[in-house]
$ cat upload.csv   # CSV, C-alpha atoms
chain,number,residue,atom,x,y,z
A,470,PRO,CA,27.8,-27.0,-46.6
A,471,LEU,CA,28.7,-25.2,-43.4
A,472,VAL,CA,31.2,-22.9,-44.9
A,473,GLN,CA,29.2,-22.4,-48.2
A,474,GLY,CA,26.1,-21.5,-46.2
A,475,ALA,CA,27.9,-19.1,-44.0
A,476,VAL,CA,29.6,-17.4,-46.9
A,477,ALA,CA,26.3,-17.1,-48.7
A,478,ARG,CA,25.0,-15.2,-45.7
A,479,GLY,CA,27.9,-12.8,-46.0
A,480,VAL,CA,30.1,-14.3,-43.4
A,481,MET,CA,33.9,-13.9,-44.1
A,482,MET,CA,35.8,-17.1,-43.5
A,483,ARG,CA,39.5,-16.8,-43.2
A,484,ARG,CA,42.0,-19.5,-42.3
A,485,ALA,CA,45.6,-18.9,-41.5
A,486,ARG,CA,48.1,-21.8,-41.1
A,487,ILE,CA,51.4,-21.4,-39.4
A,488,VAL,CA,53.8,-24.1,-40.7
A,489,SER,CA,57.3,-25.3,-40.0
A,490,GLU,CA,59.5,-25.6,-43.0
A,491,PRO,CA,60.4,-27.8,-44.6
A,492,VAL,CA,56.8,-29.0,-44.4
A,493,THR,CA,55.7,-32.4,-43.3
A,494,ASP,CA,53.8,-34.8,-45.5
A,495,TYR,CA,50.6,-33.9,-43.6
A,496,ILE,CA,51.1,-30.2,-44.4
A,497,ARG,CA,51.6,-31.2,-48.1
A,498,TYR,CA,48.3,-33.0,-47.9
A,499,GLU,CA,46.6,-30.0,-46.3
A,500,HIS,CA,48.0,-27.8,-49.0
A,501,ALA,CA,46.9,-30.1,-51.7
A,502,ILE,CA,43.3,-30.2,-50.5
A,503,THR,CA,43.0,-26.5,-49.7
A,504,PRO,CA,41.4,-25.7,-53.1
A,505,LEU,CA,38.3,-27.4,-51.6
A,506,ASN,CA,38.3,-24.8,-48.8
A,507,LEU,CA,38.7,-22.1,-51.4
A,508,GLN,CA,35.9,-23.4,-53.5
A,509,ALA,CA,33.7,-23.4,-50.4
A,510,GLY,CA,34.4,-19.7,-50.0
A,511,GLU,CA,37.2,-19.6,-47.4
A,512,ASP,CA,40.3,-17.4,-47.9
A,513,VAL,CA,43.4,-19.4,-46.8
A,514,ARG,CA,46.9,-18.1,-46.1
A,515,TRP,CA,50.1,-19.7,-45.0
A,516,LEU,CA,52.9,-18.3,-42.7
A,517,PRO,CA,56.2,-19.9,-42.2
A,518,ARG,CA,56.8,-20.3,-38.5
A,519,ARG,CA,60.1,-18.5,-38.7
A,520,HIS,CA,58.1,-15.3,-39.5
A,521,ALA,CA,55.9,-15.7,-36.5
A,522,SER,CA,58.5,-15.6,-33.7
A,523,ASP,CA,57.6,-12.1,-32.5
A,524,ILE,CA,53.8,-12.6,-32.6
A,525,PRO,CA,52.1,-13.3,-29.2
A,526,LEU,CA,50.2,-16.4,-30.0
A,527,PRO,CA,48.0,-18.6,-27.8
A,528,GLY,CA,49.3,-22.1,-27.1
A,529,ASN,CA,46.6,-23.9,-29.1
A,530,ASP,CA,45.0,-23.8,-32.5
A,531,PHE,CA,41.8,-21.8,-32.4
A,532,TRP,CA,38.8,-20.5,-34.2
A,533,LEU,CA,37.7,-16.9,-33.6
A,534,LEU,CA,34.0,-16.3,-34.1
A,535,ASP,CA,32.6,-12.8,-34.5
A,536,GLU,CA,35.5,-11.4,-32.4
A,537,ARG,CA,33.6,-12.4,-29.3
A,538,LEU,CA,34.1,-16.2,-28.9
A,539,VAL,CA,37.3,-18.3,-29.1
A,540,GLN,CA,37.2,-22.1,-29.6
A,541,PHE,CA,40.5,-23.6,-28.7
A,542,HIS,CA,41.4,-27.0,-30.2
A,543,HIS,CA,43.4,-29.5,-28.1
A,544,PHE,CA,45.4,-32.3,-29.6
A,545,THR,CA,47.4,-35.2,-28.3
A,546,GLY,CA,51.1,-35.5,-28.9
A,547,THR,CA,50.4,-37.7,-31.9
A,548,GLY,CA,48.1,-35.0,-33.5
A,549,ASP,CA,44.8,-36.7,-32.7
A,550,TRP,CA,42.0,-34.8,-31.0
A,551,ALA,CA,42.3,-34.9,-27.2
A,552,ALA,CA,39.5,-36.2,-25.0
A,553,ASP,CA,38.6,-32.6,-24.1
A,554,ALA,CA,39.3,-31.4,-27.7
A,555,LYS,CA,37.3,-28.2,-27.7
A,556,GLU,CA,37.3,-25.4,-25.2
A,557,ARG,CA,35.2,-22.3,-25.7
A,558,THR,CA,35.6,-18.9,-24.0
A,559,THR,CA,34.2,-15.4,-24.3
A,560,ASP,CA,36.9,-14.1,-21.9
A,561,PRO,CA,37.7,-10.6,-23.2
A,562,ALA,CA,41.5,-11.1,-22.7
A,563,ALA,CA,41.5,-14.4,-24.6
A,564,VAL,CA,39.4,-13.0,-27.4
A,565,ALA,CA,41.7,-9.9,-27.6
A,566,LEU,CA,44.8,-12.0,-27.7
A,567,CYS,CA,43.5,-14.3,-30.4
A,568,ALA,CA,42.1,-11.4,-32.5
A,569,ALA,CA,45.3,-9.5,-32.4
A,570,ALA,CA,47.4,-12.6,-33.1
A,571,PHE,CA,45.2,-13.6,-36.1
A,572,GLU,CA,45.3,-10.2,-37.7
A,573,THR,CA,49.1,-10.0,-37.4
A,574,VAL,CA,49.5,-13.5,-38.9
A,575,TRP,CA,47.0,-12.6,-41.6
A,576,GLU,CA,48.9,-9.5,-42.6
A,577,ARG,CA,52.2,-11.4,-42.8
A,578,SER,CA,51.0,-14.6,-44.5
A,579,THR,CA,51.0,-15.6,-48.1
A,580,PRO,CA,47.8,-16.4,-50.0
A,581,HIS,CA,47.3,-20.1,-50.8
A,582,GLU,CA,47.7,-19.5,-54.5
A,583,LYS,CA,51.2,-18.0,-54.0
A,584,TYR,CA,52.5,-20.4,-51.3
A,585,THR,CA,54.3,-23.5,-52.5
A,586,VAL,CA,55.3,-26.5,-50.6
$ encode --input "upload.csv" --output "structure tokens"
Amino acid sequence: PLVQGAVARGVMMRRARIVSEPVTDYIRYEHAITPLNLQAGEDVRWLPRRHASDIPLPGNDFWLLDERLVQFHHFTGTGDWAADAKERTTDPAAVALCAAAFETVWERSTPHEKYTV
């Protein structure tokens, strides 16, 4: 409902996943359920980690909202959400880093329909 509602209002939802290859079972699972994201209106792409070596990336997963706010996601070593799982910032340097990183990843990545695991 969140994604569908946003897309209905004209919001562009793009998700880029940087993955190590060969992929883990969890990435296989994510890939298998990605059609649900696509049906909701997201555009999803995949980038093998070996193609991201020269991209300045933040140290954590993130969402970039309207190119003005970044929400970083913090995980434990086992992949679970950390106690302080979400951190938001409007710091211009952090926003610029994440925006540039995302656009570079997006340009290099493969659309979901063409990426096989």
$ residues_around --input "upload.csv" --residues "His500 of chain A" --least-positions-apart "5" --cutoff "9 Å" --atoms "all atoms listed in the file" --output "ChimeraX atom specification"
/A:495,581,584-586
$ residues_around --input "upload.csv" --residues "Trp532 of chain A" --least-positions-apart "6" --cutoff "10 Å" --atoms "only C-alpha atoms" --output "JSON list (two decimals) with C-alpha atoms, in the coordinates of the input"
[["chain", "number", "residue", "atom", "x", "y", "z"],
["A", 483, "ARG", "CA", 39.50, -16.80, -43.20],
["A", 484, "ARG", "CA", 42.00, -19.50, -42.30],
["A", 538, "LEU", "CA", 34.10, -16.20, -28.90],
["A", 539, "VAL", "CA", 37.30, -18.30, -29.10],
["A", 540, "GLN", "CA", 37.20, -22.10, -29.60],
["A", 541, "PHE", "CA", 40.50, -23.60, -28.70],
["A", 542, "HIS", "CA", 41.40, -27.00, -30.20],
["A", 557, "ARG", "CA", 35.20, -22.30, -25.70],
["A", 567, "CYS", "CA", 43.50, -14.30, -30.40],
["A", 568, "ALA", "CA", 42.10, -11.40, -32.50],
["A", 571, "PHE", "CA", 45.20, -13.60, -36.10]]
$ closest_residue --input "upload.csv" --among "A:Arg514, A:Glu556, A:Val472, A:Thr503" --to "Ile487 of chain A" --atoms "all atoms listed in the file"
A:Arg514
$ closest_residue --input "upload.csv" --among "A:Ala551, A:Ala569, A:Thr558, A:Gln473" --to "Leu505 of chain A" --atoms "all atoms listed in the file"
A:Gln473
$ closest_residue --input "upload.csv" --among "A:Ala501, A:Ala552, A:Ala485, A:Leu507" --to "Leu533 of chain A" --atoms "all atoms listed in the file"
A:Ala485
$ residues_around --input "upload.csv" --residues "Phe544 of chain A" --least-positions-apart "2" --cutoff "10 Å" --atoms "only C-alpha atoms" --output "MDAnalysis selection string"
chainID A and resid 529:530 542 546:555
$ write_last_selection --input "upload.csv" --atoms "C-alpha atoms" --output "PDB file, keeping the file's coordinate frame"
ATOM      1  CA  ASN A 529      46.600 -23.900 -29.100  1.00  0.00           C
ATOM      2  CA  ASP A 530      45.000 -23.800 -32.500  1.00  0.00           C
ATOM      3  CA  HIS A 542      41.400 -27.000 -30.200  1.00  0.00           C
ATOM      4  CA  GLY A 546      51.100 -35.500 -28.900  1.00  0.00           C
ATOM      5  CA  THR A 547      50.400 -37.700 -31.900  1.00  0.00           C
ATOM      6  CA  GLY A 548      48.100 -35.000 -33.500  1.00  0.00           C
ATOM      7  CA  ASP A 549      44.800 -36.700 -32.700  1.00  0.00           C
ATOM      8  CA  TRP A 550      42.000 -34.800 -31.000  1.00  0.00           C
ATOM      9  CA  ALA A 551      42.300 -34.900 -27.200  1.00  0.00           C
ATOM     10  CA  ALA A 552      39.500 -36.200 -25.000  1.00  0.00           C
ATOM     11  CA  ASP A 553      38.600 -32.600 -24.100  1.00  0.00           C
ATOM     12  CA  ALA A 554      39.300 -31.400 -27.700  1.00  0.00           C
ATOM     13  CA  LYS A 555      37.300 -28.200 -27.700  1.00  0.00           C
TER      14      LYS A 555
END
$ closest_residue --input "upload.csv" --among "A:Gly510, A:Pro491, A:Pro504, A:Pro561" --to "Ala475 of chain A" --atoms "all atoms listed in the file"
A:Gly510
$ atom_distance --input "upload.csv" --atom1 "atom CA of Val513 of chain A" --atom2 "atom CA of Asp560 of chain A"
26.3 Å
$ closest_residue --input "upload.csv" --among "A:Ala565, A:Val480, A:Val488, A:Ile502" --to "Pro527 of chain A" --atoms "all atoms listed in the file"
A:Ala565
$ atom_distance --input "upload.csv" --atom1 "atom CA of Glu490 of chain A" --atom2 "atom CA of Glu536 of chain A"
29.8 Å
$ atom_distance --input "upload.csv" --atom1 "atom CA of Ala509 of chain A" --atom2 "atom CA of Lys583 of chain A"
18.7 Å
$ decode --input "upload.csv" --residues "segment 500-576 of chain A" --atoms "C-alpha atoms" --output "PDB file, in the first residue's frame"
ATOM      1  CA  HIS A 500      15.339 -11.901  -6.145  1.00  0.00           C
ATOM      2  CA  ALA A 501      12.438 -14.365  -6.154  1.00  0.00           C
ATOM      3  CA  ILE A 502      10.073 -11.978  -4.348  1.00  0.00           C
ATOM      4  CA  THR A 503      11.132  -8.841  -6.247  1.00  0.00           C
ATOM      5  CA  PRO A 504       8.214  -9.214  -8.698  1.00  0.00           C
ATOM      6  CA  LEU A 505       6.039  -8.073  -5.772  1.00  0.00           C
ATOM      7  CA  ASN A 506       8.051  -4.832  -5.642  1.00  0.00           C
ATOM      8  CA  LEU A 507       7.663  -4.445  -9.393  1.00  0.00           C
ATOM      9  CA  GLN A 508       3.911  -5.016  -9.220  1.00  0.00           C
ATOM     10  CA  ALA A 509       3.680  -2.319  -6.543  1.00  0.00           C
ATOM     11  CA  GLY A 510       5.373   0.118  -8.928  1.00  0.00           C
ATOM     12  CA  GLU A 511       9.026   0.004  -7.914  1.00  0.00           C
ATOM     13  CA  ASP A 512      11.812  -0.193 -10.467  1.00  0.00           C
ATOM     14  CA  VAL A 513      14.481  -2.592  -9.171  1.00  0.00           C
ATOM     15  CA  ARG A 514      18.004  -3.136 -10.442  1.00  0.00           C
ATOM     16  CA  TRP A 515      20.947  -5.309  -9.410  1.00  0.00           C
ATOM     17  CA  LEU A 516      24.672  -4.561  -9.456  1.00  0.00           C
ATOM     18  CA  PRO A 517      27.347  -7.182  -8.816  1.00  0.00           C
ATOM     19  CA  ARG A 518      29.644  -5.851  -6.086  1.00  0.00           C
ATOM     20  CA  ARG A 519      32.706  -6.305  -8.319  1.00  0.00           C
ATOM     21  CA  HIS A 520      31.309  -3.518 -10.544  1.00  0.00           C
ATOM     22  CA  ALA A 521      30.990  -1.104  -7.618  1.00  0.00           C
ATOM     23  CA  SER A 522      34.614  -0.987  -6.462  1.00  0.00           C
ATOM     24  CA  ASP A 523      35.250   2.535  -7.726  1.00  0.00           C
ATOM     25  CA  ILE A 524      31.951   4.031  -6.505  1.00  0.00           C
ATOM     26  CA  PRO A 525      32.182   6.125  -3.320  1.00  0.00           C
ATOM     27  CA  LEU A 526      29.460   4.511  -1.211  1.00  0.00           C
ATOM     28  CA  PRO A 527      28.252   5.212   2.328  1.00  0.00           C
ATOM     29  CA  GLY A 528      28.976   2.474   4.855  1.00  0.00           C
ATOM     30  CA  ASN A 529      25.324   1.527   5.339  1.00  0.00           C
ATOM     31  CA  ASP A 530      22.229   0.740   3.319  1.00  0.00           C
ATOM     32  CA  PHE A 531      20.086   3.812   2.829  1.00  0.00           C
ATOM     33  CA  TRP A 532      16.937   5.339   1.445  1.00  0.00           C
ATOM     34  CA  LEU A 533      17.194   8.697  -0.287  1.00  0.00           C
ATOM     35  CA  LEU A 534      13.998  10.717  -0.077  1.00  0.00           C
ATOM     36  CA  ASP A 535      13.409  13.613  -2.453  1.00  0.00           C
ATOM     37  CA  GLU A 536      17.170  14.234  -2.673  1.00  0.00           C
ATOM     38  CA  ARG A 537      16.985  16.046   0.667  1.00  0.00           C
ATOM     39  CA  LEU A 538      16.832  13.384   3.387  1.00  0.00           C
ATOM     40  CA  VAL A 539      18.797  10.170   3.880  1.00  0.00           C
ATOM     41  CA  GLN A 540      17.663   7.355   6.127  1.00  0.00           C
ATOM     42  CA  PHE A 541      20.504   4.983   6.938  1.00  0.00           C
ATOM     43  CA  HIS A 542      19.715   1.425   8.036  1.00  0.00           C
ATOM     44  CA  HIS A 543      21.870  -0.236  10.679  1.00  0.00           C
ATOM     45  CA  PHE A 544      22.111  -4.007  10.978  1.00  0.00           C
ATOM     46  CA  THR A 545      23.822  -6.388  13.373  1.00  0.00           C
ATOM     47  CA  GLY A 546      26.524  -8.813  12.271  1.00  0.00           C
ATOM     48  CA  THR A 547      23.840 -11.469  11.781  1.00  0.00           C
ATOM     49  CA  GLY A 548      21.781  -9.266   9.470  1.00  0.00           C
ATOM     50  CA  ASP A 549      19.089  -8.343  11.982  1.00  0.00           C
ATOM     51  CA  TRP A 550      17.993  -4.751  12.567  1.00  0.00           C
ATOM     52  CA  ALA A 551      20.233  -3.089  15.166  1.00  0.00           C
ATOM     53  CA  ALA A 552      18.753  -1.460  18.276  1.00  0.00           C
ATOM     54  CA  ASP A 553      19.290   1.957  16.661  1.00  0.00           C
ATOM     55  CA  ALA A 554      18.256   0.646  13.257  1.00  0.00           C
ATOM     56  CA  LYS A 555      17.350   3.901  11.550  1.00  0.00           C
ATOM     57  CA  GLU A 556      19.269   7.148  11.387  1.00  0.00           C
ATOM     58  CA  ARG A 557      17.976  10.146   9.446  1.00  0.00           C
ATOM     59  CA  THR A 558      19.931  13.142   8.256  1.00  0.00           C
ATOM     60  CA  THR A 559      19.464  16.162   6.045  1.00  0.00           C
ATOM     61  CA  ASP A 560      23.185  16.962   6.153  1.00  0.00           C
ATOM     62  CA  PRO A 561      23.969  18.273   2.643  1.00  0.00           C
ATOM     63  CA  ALA A 562      27.251  16.327   2.416  1.00  0.00           C
ATOM     64  CA  ALA A 563      25.572  13.022   3.322  1.00  0.00           C
ATOM     65  CA  VAL A 564      22.686  13.691   0.934  1.00  0.00           C
ATOM     66  CA  ALA A 565      25.093  14.568  -1.898  1.00  0.00           C
ATOM     67  CA  LEU A 566      27.203  11.432  -1.286  1.00  0.00           C
ATOM     68  CA  CYS A 567      24.165   9.164  -1.291  1.00  0.00           C
ATOM     69  CA  ALA A 568      22.560  10.825  -4.314  1.00  0.00           C
ATOM     70  CA  ALA A 569      25.743  10.567  -6.381  1.00  0.00           C
ATOM     71  CA  ALA A 570      26.373   6.987  -5.266  1.00  0.00           C
ATOM     72  CA  PHE A 571      22.831   5.911  -6.071  1.00  0.00           C
ATOM     73  CA  GLU A 572      22.833   7.460  -9.535  1.00  0.00           C
ATOM     74  CA  THR A 573      26.147   5.799 -10.407  1.00  0.00           C
ATOM     75  CA  VAL A 574      24.924   2.435  -9.130  1.00  0.00           C
ATOM     76  CA  TRP A 575      21.668   2.883 -11.053  1.00  0.00           C
ATOM     77  CA  GLU A 576      23.469   3.631 -14.316  1.00  0.00           C
TER      78      GLU A 576
END
